[in-house]
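Note sheet for the following structure.
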Amino acid sequence: MTETTTIRISRATRDELRELAERRQLTVAETVSRAVRLLRQDEIGRDLAVPLTGEEVSWLDADAG
């Protein structure tokens with residue numbers, strides 16, 4: 001069994017999580033896990049959207065052979 005813990009959130013947030021979970025036919029825990037994953041993906045996307053530095057461009061353009 002997965003180890004669990006308790007977190008404090010507002011009642012409004014709890015209610016919203018329950019609604020989201022119900023609409024998706026998931027548990028609240030599964031819904032929170034998906035939300036965390038989406039936030040991580042968003043962070044990765046923002047990191048990838050940053051223009052490359054000159055050094056990075058040079059490295060990528062370097063002859064590999």
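Residues in the structure tokens are numbered from 1 in each chain, the chains being A, B, ... in the order shown, and ligands are numbered from 1 in the order shown.
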
* Mind checking which residues fall within 7 Å of Val28 (chain A), counting only C-alpha atoms, ignoring those fewer than 4 positions away in the same chain, and posting them as a list in words? => Leu17, Arg18, Ala21 and Val32 of chain A

* **Expected answer as a PyMOL selection string: alpha helix (DSSP H) residues in region 3-65 of chain A** => chain A and resi 11-24+28-49+54-61

* Structure fact -> As a check of understanding: the span from CA of Asp15 (chain A) to CA of Ile44 (chain A) is 28.6 Å
